[in-house]
Amino acid sequence: MSRVQKGMVAGLAATVAVSMLELGNLAIGSPVMAFPAFIAETLGLHDNLMVGWLVHLAIGVLVLGGGFGFLYAKLPTSTAATRGIVYAVGAFTVLLVGIFMVGDPRIFAGSDGFGTVGWMLMTHAIFGIVLGSVYGILMAREKRELRAMVGAAPAH
């Protein structure tokens, strides 16, 4: 499995983990905006949560997961989980800068504005922990398999 594929698998696991938190956020009726709702609002589809969930899944798996696999070796720190946190918080920073530069920053102007930013930072950090941890497990498994193959008997 390639690094990008491992990243996409890790991105799926991380997206599912964060989606569970987002479902809880929506279920309790929290004033803090869930990320799929935030995506739908940013795209101008205010009440269409299905599009928000689909875009959330695509971004988590394809963009963030695949990108993490591609950039893994270049990220600072020494453990997979901390690399995941650095990467996800970096993605969060890019998201905020993008919204403030080309988007509508008024999305944070409501009574839950700072709470939404805090919630998104926390969920991105959790996303990063899961992303890095699962990626690290996949890398370790591949190394074990390679060592087993090197020490294996000849095929003939």
# chains A, B, ... in the order shown; residues from 1 in each chain; ligands from 1
>>> residues_around(residues="Phe127 (chain A)", least_positions_apart="3", cutoff="9 Å", atoms="only C-alpha atoms", output="PyMOL selection string")
chain A and resi 11+13-15+17-18+60+84-85+88+122-124+130-132
>>> residues_around(residues="Gly52 (chain A)", least_positions_apart="5", cutoff="9 Å", atoms="only C-alpha atoms", output="list in words")
Phe35, Pro36, Ala37, Phe38, Ile39, Ala40, Glu41, Leu43, Leu45 and Leu57 of chain A
>>> write_last_selection(atoms="C-alpha atoms", output="mmCIF file, in the first residue's frame")
data_model
loop_
_atom_site.group_PDB
_atom_site.id
_atom_site.type_symbol
_atom_site.label_atom_id
_atom_site.label_comp_id
_atom_site.auth_asym_id
_atom_site.auth_seq_id
_atom_site.Cartn_x
_atom_site.Cartn_y
_atom_site.Cartn_z
ATOM 1 C CA PHE A 35 -18.310 21.161 10.943
ATOM 2 C CA PRO A 36 -20.729 19.675 8.329
ATOM 3 C CA ALA A 37 -23.131 22.535 9.087
ATOM 4 C CA PHE A 38 -20.220 24.958 8.815
ATOM 5 C CA ILE A 39 -19.325 23.516 5.388
ATOM 6 C CA ALA A 40 -22.937 23.741 4.188
ATOM 7 C CA GLU A 41 -23.139 27.339 5.445
ATOM 8 C CA LEU A 43 -21.069 26.787 0.475
ATOM 9 C CA LEU A 45 -26.432 25.655 1.322
ATOM 10 C CA LEU A 57 -15.976 12.932 4.266
#
>>> select_by_dssp(residues="chain A", states="alpha helix (DSSP H)", output="PyMOL selection string")
chain A and resi 3-27+35-42+49-58+66-71+80-102+113-150
>>> closest_atom_pairs(of="region 30-123 of chain A", to="region 3-6 of chain A", cutoff="10 Å", atoms="only C-alpha atoms", output="tab-separated table")
residue	atom	partner	partner_atom	distance
A:Val61	CA	A:Gln5	CA	9.7
A:Leu62	CA	A:Val4	CA	9.1
A:Gly65	CA	A:Val4	CA	7.5
A:Gly66	CA	A:Val4	CA	4.7
A:Gly67	CA	A:Val4	CA	7.0
A:Phe68	CA	A:Val4	CA	7.4
A:Gly69	CA	A:Val4	CA	4.4
A:Phe70	CA	A:Val4	CA	5.5
A:Leu71	CA	A:Val4	CA	9.0
A:Tyr72	CA	A:Arg3	CA	8.3
A:Ala73	CA	A:Arg3	CA	9.8
>>> closest_residue(among="A:Leu54, A:Ala27, A:Ile99, A:Ala80", to="Ala10 (chain A)", atoms="only C-alpha atoms")
A:Ala80
>>> closest_residue(among="A:Met120, A:Leu75, A:Ala58, A:Leu49", to="Leu12 (chain A)", atoms="only C-alpha atoms")
A:Ala58
>>> closest_residue(among="A:Leu146, A:Ala34, A:Val63, A:Phe92", to="Val9 (chain A)", atoms="only C-alpha atoms")
A:Val63
>>> atom_distance(atom1="CA of Ala81 (chain A)", atom2="CA of Leu138 (chain A)")
12.5 Å
>>> decode(residues="region 24-144 of chain A", atoms="C-alpha atoms", output="PDB file, in the first residue's frame")
ATOM      1  CA  GLY A  24     -23.077  14.206  19.396  1.00  0.00           C
ATOM      2  CA  ASN A  25     -22.770  17.950  18.968  1.00  0.00           C
ATOM      3  CA  LEU A  26     -25.803  17.980  16.671  1.00  0.00           C
ATOM      4  CA  ALA A  27     -27.799  15.583  18.874  1.00  0.00           C
ATOM      5  CA  ILE A  28     -27.517  17.707  22.014  1.00  0.00           C
ATOM      6  CA  GLY A  29     -28.431  20.849  20.118  1.00  0.00           C
ATOM      7  CA  SER A  30     -25.209  22.615  21.003  1.00  0.00           C
ATOM      8  CA  PRO A  31     -25.001  26.280  20.009  1.00  0.00           C
ATOM      9  CA  VAL A  32     -21.554  25.504  18.560  1.00  0.00           C
ATOM     10  CA  MET A  33     -21.779  24.902  14.827  1.00  0.00           C
ATOM     11  CA  ALA A  34     -20.872  21.364  13.739  1.00  0.00           C
ATOM     12  CA  PHE A  35     -18.310  21.161  10.943  1.00  0.00           C
ATOM     13  CA  PRO A  36     -20.729  19.675   8.329  1.00  0.00           C
ATOM     14  CA  ALA A  37     -23.131  22.535   9.087  1.00  0.00           C
ATOM     15  CA  PHE A  38     -20.220  24.958   8.815  1.00  0.00           C
ATOM     16  CA  ILE A  39     -19.325  23.516   5.388  1.00  0.00           C
ATOM     17  CA  ALA A  40     -22.937  23.741   4.188  1.00  0.00           C
ATOM     18  CA  GLU A  41     -23.139  27.339   5.445  1.00  0.00           C
ATOM     19  CA  THR A  42     -19.844  28.253   3.768  1.00  0.00           C
ATOM     20  CA  LEU A  43     -21.069  26.787   0.475  1.00  0.00           C
ATOM     21  CA  GLY A  44     -24.298  28.775   0.759  1.00  0.00           C
ATOM     22  CA  LEU A  45     -26.432  25.655   1.322  1.00  0.00           C
ATOM     23  CA  HIS A  46     -27.692  26.668   4.753  1.00  0.00           C
ATOM     24  CA  ASP A  47     -30.062  23.763   5.473  1.00  0.00           C
ATOM     25  CA  ASN A  48     -28.444  21.039   3.373  1.00  0.00           C
ATOM     26  CA  LEU A  49     -26.484  19.008   5.923  1.00  0.00           C
ATOM     27  CA  MET A  50     -26.160  16.039   3.539  1.00  0.00           C
ATOM     28  CA  VAL A  51     -23.867  18.049   1.272  1.00  0.00           C
ATOM     29  CA  GLY A  52     -21.926  19.172   4.356  1.00  0.00           C
ATOM     30  CA  TRP A  53     -21.440  15.549   5.477  1.00  0.00           C
ATOM     31  CA  LEU A  54     -20.356  14.397   2.006  1.00  0.00           C
ATOM     32  CA  VAL A  55     -17.865  17.244   1.622  1.00  0.00           C
ATOM     33  CA  HIS A  56     -16.622  16.587   5.175  1.00  0.00           C
ATOM     34  CA  LEU A  57     -15.976  12.932   4.266  1.00  0.00           C
ATOM     35  CA  ALA A  58     -14.273  13.807   0.970  1.00  0.00           C
ATOM     36  CA  ILE A  59     -12.021  16.407   2.573  1.00  0.00           C
ATOM     37  CA  GLY A  60     -11.122  14.127   5.472  1.00  0.00           C
ATOM     38  CA  VAL A  61     -10.254  11.110   3.339  1.00  0.00           C
ATOM     39  CA  LEU A  62      -8.986  12.477   0.037  1.00  0.00           C
ATOM     40  CA  VAL A  63      -7.521  15.872   0.853  1.00  0.00           C
ATOM     41  CA  LEU A  64      -6.336  15.612   4.453  1.00  0.00           C
ATOM     42  CA  GLY A  65      -5.706  11.862   4.549  1.00  0.00           C
ATOM     43  CA  GLY A  66      -3.977  11.652   1.187  1.00  0.00           C
ATOM     44  CA  GLY A  67      -2.055  14.851   1.856  1.00  0.00           C
ATOM     45  CA  PHE A  68      -0.853  13.526   5.204  1.00  0.00           C
ATOM     46  CA  GLY A  69       0.497  10.378   3.577  1.00  0.00           C
ATOM     47  CA  PHE A  70       2.268  12.487   0.968  1.00  0.00           C
ATOM     48  CA  LEU A  71       3.794  14.939   3.490  1.00  0.00           C
ATOM     49  CA  TYR A  72       4.372  12.559   6.426  1.00  0.00           C
ATOM     50  CA  ALA A  73       8.159  12.321   6.112  1.00  0.00           C
ATOM     51  CA  LYS A  74       8.512  16.120   5.888  1.00  0.00           C
ATOM     52  CA  LEU A  75       6.486  16.938   9.007  1.00  0.00           C
ATOM     53  CA  PRO A  76       8.292  17.923  12.212  1.00  0.00           C
ATOM     54  CA  THR A  77       8.260  15.867  15.442  1.00  0.00           C
ATOM     55  CA  SER A  78       9.161  12.242  15.874  1.00  0.00           C
ATOM     56  CA  THR A  79       5.908  10.358  16.498  1.00  0.00           C
ATOM     57  CA  ALA A  80       3.087   9.688  14.088  1.00  0.00           C
ATOM     58  CA  ALA A  81       0.414  11.078  16.435  1.00  0.00           C
ATOM     59  CA  THR A  82       2.212  14.396  16.961  1.00  0.00           C
ATOM     60  CA  ARG A  83       2.840  14.685  13.226  1.00  0.00           C
ATOM     61  CA  GLY A  84      -0.894  14.190  12.759  1.00  0.00           C
ATOM     62  CA  ILE A  85      -1.689  16.954  15.247  1.00  0.00           C
ATOM     63  CA  VAL A  86       0.773  19.361  13.605  1.00  0.00           C
ATOM     64  CA  TYR A  87      -0.696  18.563  10.186  1.00  0.00           C
ATOM     65  CA  ALA A  88      -4.353  18.878  11.257  1.00  0.00           C
ATOM     66  CA  VAL A  89      -3.821  22.120  13.184  1.00  0.00           C
ATOM     67  CA  GLY A  90      -1.959  23.439  10.135  1.00  0.00           C
ATOM     68  CA  ALA A  91      -4.978  22.508   7.995  1.00  0.00           C
ATOM     69  CA  PHE A  92      -7.218  24.301  10.509  1.00  0.00           C
ATOM     70  CA  THR A  93      -5.036  27.416  10.215  1.00  0.00           C
ATOM     71  CA  VAL A  94      -5.218  27.307   6.412  1.00  0.00           C
ATOM     72  CA  LEU A  95      -9.019  26.938   6.685  1.00  0.00           C
ATOM     73  CA  LEU A  96      -9.349  30.006   8.903  1.00  0.00           C
ATOM     74  CA  VAL A  97      -6.996  32.122   6.814  1.00  0.00           C
ATOM     75  CA  GLY A  98      -8.895  31.095   3.686  1.00  0.00           C
ATOM     76  CA  ILE A  99     -12.227  32.034   5.212  1.00  0.00           C
ATOM     77  CA  PHE A 100     -10.970  35.400   6.379  1.00  0.00           C
ATOM     78  CA  MET A 101      -9.291  36.179   3.049  1.00  0.00           C
ATOM     79  CA  VAL A 102     -11.799  34.947   0.473  1.00  0.00           C
ATOM     80  CA  GLY A 103     -14.789  33.667   2.439  1.00  0.00           C
ATOM     81  CA  ASP A 104     -17.305  35.299   4.719  1.00  0.00           C
ATOM     82  CA  PRO A 105     -15.839  35.807   8.202  1.00  0.00           C
ATOM     83  CA  ARG A 106     -19.314  36.821   9.433  1.00  0.00           C
ATOM     84  CA  ILE A 107     -19.947  33.092   9.815  1.00  0.00           C
ATOM     85  CA  PHE A 108     -18.143  33.457  13.172  1.00  0.00           C
ATOM     86  CA  ALA A 109     -20.034  36.612  14.186  1.00  0.00           C
ATOM     87  CA  GLY A 110     -22.966  34.930  15.954  1.00  0.00           C
ATOM     88  CA  SER A 111     -23.222  34.138  19.638  1.00  0.00           C
ATOM     89  CA  ASP A 112     -21.322  30.895  19.028  1.00  0.00           C
ATOM     90  CA  GLY A 113     -18.518  32.479  16.968  1.00  0.00           C
ATOM     91  CA  PHE A 114     -15.569  31.884  19.298  1.00  0.00           C
ATOM     92  CA  GLY A 115     -17.094  28.597  20.455  1.00  0.00           C
ATOM     93  CA  THR A 116     -17.206  27.392  16.858  1.00  0.00           C
ATOM     94  CA  VAL A 117     -13.549  28.276  16.329  1.00  0.00           C
ATOM     95  CA  GLY A 118     -12.603  26.499  19.568  1.00  0.00           C
ATOM     96  CA  TRP A 119     -14.704  23.458  18.678  1.00  0.00           C
ATOM     97  CA  MET A 120     -13.142  23.254  15.221  1.00  0.00           C
ATOM     98  CA  LEU A 121      -9.627  23.535  16.669  1.00  0.00           C
ATOM     99  CA  MET A 122     -10.357  20.738  19.143  1.00  0.00           C
ATOM    100  CA  THR A 123     -11.893  18.441  16.524  1.00  0.00           C
ATOM    101  CA  HIS A 124      -8.986  19.085  14.152  1.00  0.00           C
ATOM    102  CA  ALA A 125      -6.533  18.145  16.928  1.00  0.00           C
ATOM    103  CA  ILE A 126      -8.498  14.939  17.605  1.00  0.00           C
ATOM    104  CA  PHE A 127      -8.594  14.280  13.865  1.00  0.00           C
ATOM    105  CA  GLY A 128      -4.803  14.654  13.823  1.00  0.00           C
ATOM    106  CA  ILE A 129      -4.277  12.279  16.742  1.00  0.00           C
ATOM    107  CA  VAL A 130      -6.381   9.565  15.096  1.00  0.00           C
ATOM    108  CA  LEU A 131      -4.909  10.260  11.649  1.00  0.00           C
ATOM    109  CA  GLY A 132      -1.330  10.006  12.865  1.00  0.00           C
ATOM    110  CA  SER A 133      -1.948   7.022  15.133  1.00  0.00           C
ATOM    111  CA  VAL A 134      -3.672   4.937  12.458  1.00  0.00           C
ATOM    112  CA  TYR A 135      -1.020   5.914   9.908  1.00  0.00           C
ATOM    113  CA  GLY A 136       1.697   4.911  12.375  1.00  0.00           C
ATOM    114  CA  ILE A 137       0.021   1.533  12.925  1.00  0.00           C
ATOM    115  CA  LEU A 138      -0.163   0.950   9.168  1.00  0.00           C
ATOM    116  CA  MET A 139       3.516   1.874   8.769  1.00  0.00           C
ATOM    117  CA  ALA A 140       4.569  -0.426  11.631  1.00  0.00           C
ATOM    118  CA  ARG A 141       2.530  -3.292  10.183  1.00  0.00           C
ATOM    119  CA  GLU A 142       4.175  -2.845   6.794  1.00  0.00           C
ATOM    120  CA  LYS A 143       7.643  -2.837   8.386  1.00  0.00           C
ATOM    121  CA  ARG A 144       6.858  -6.073  10.254  1.00  0.00           C
TER     122      ARG A 144
END
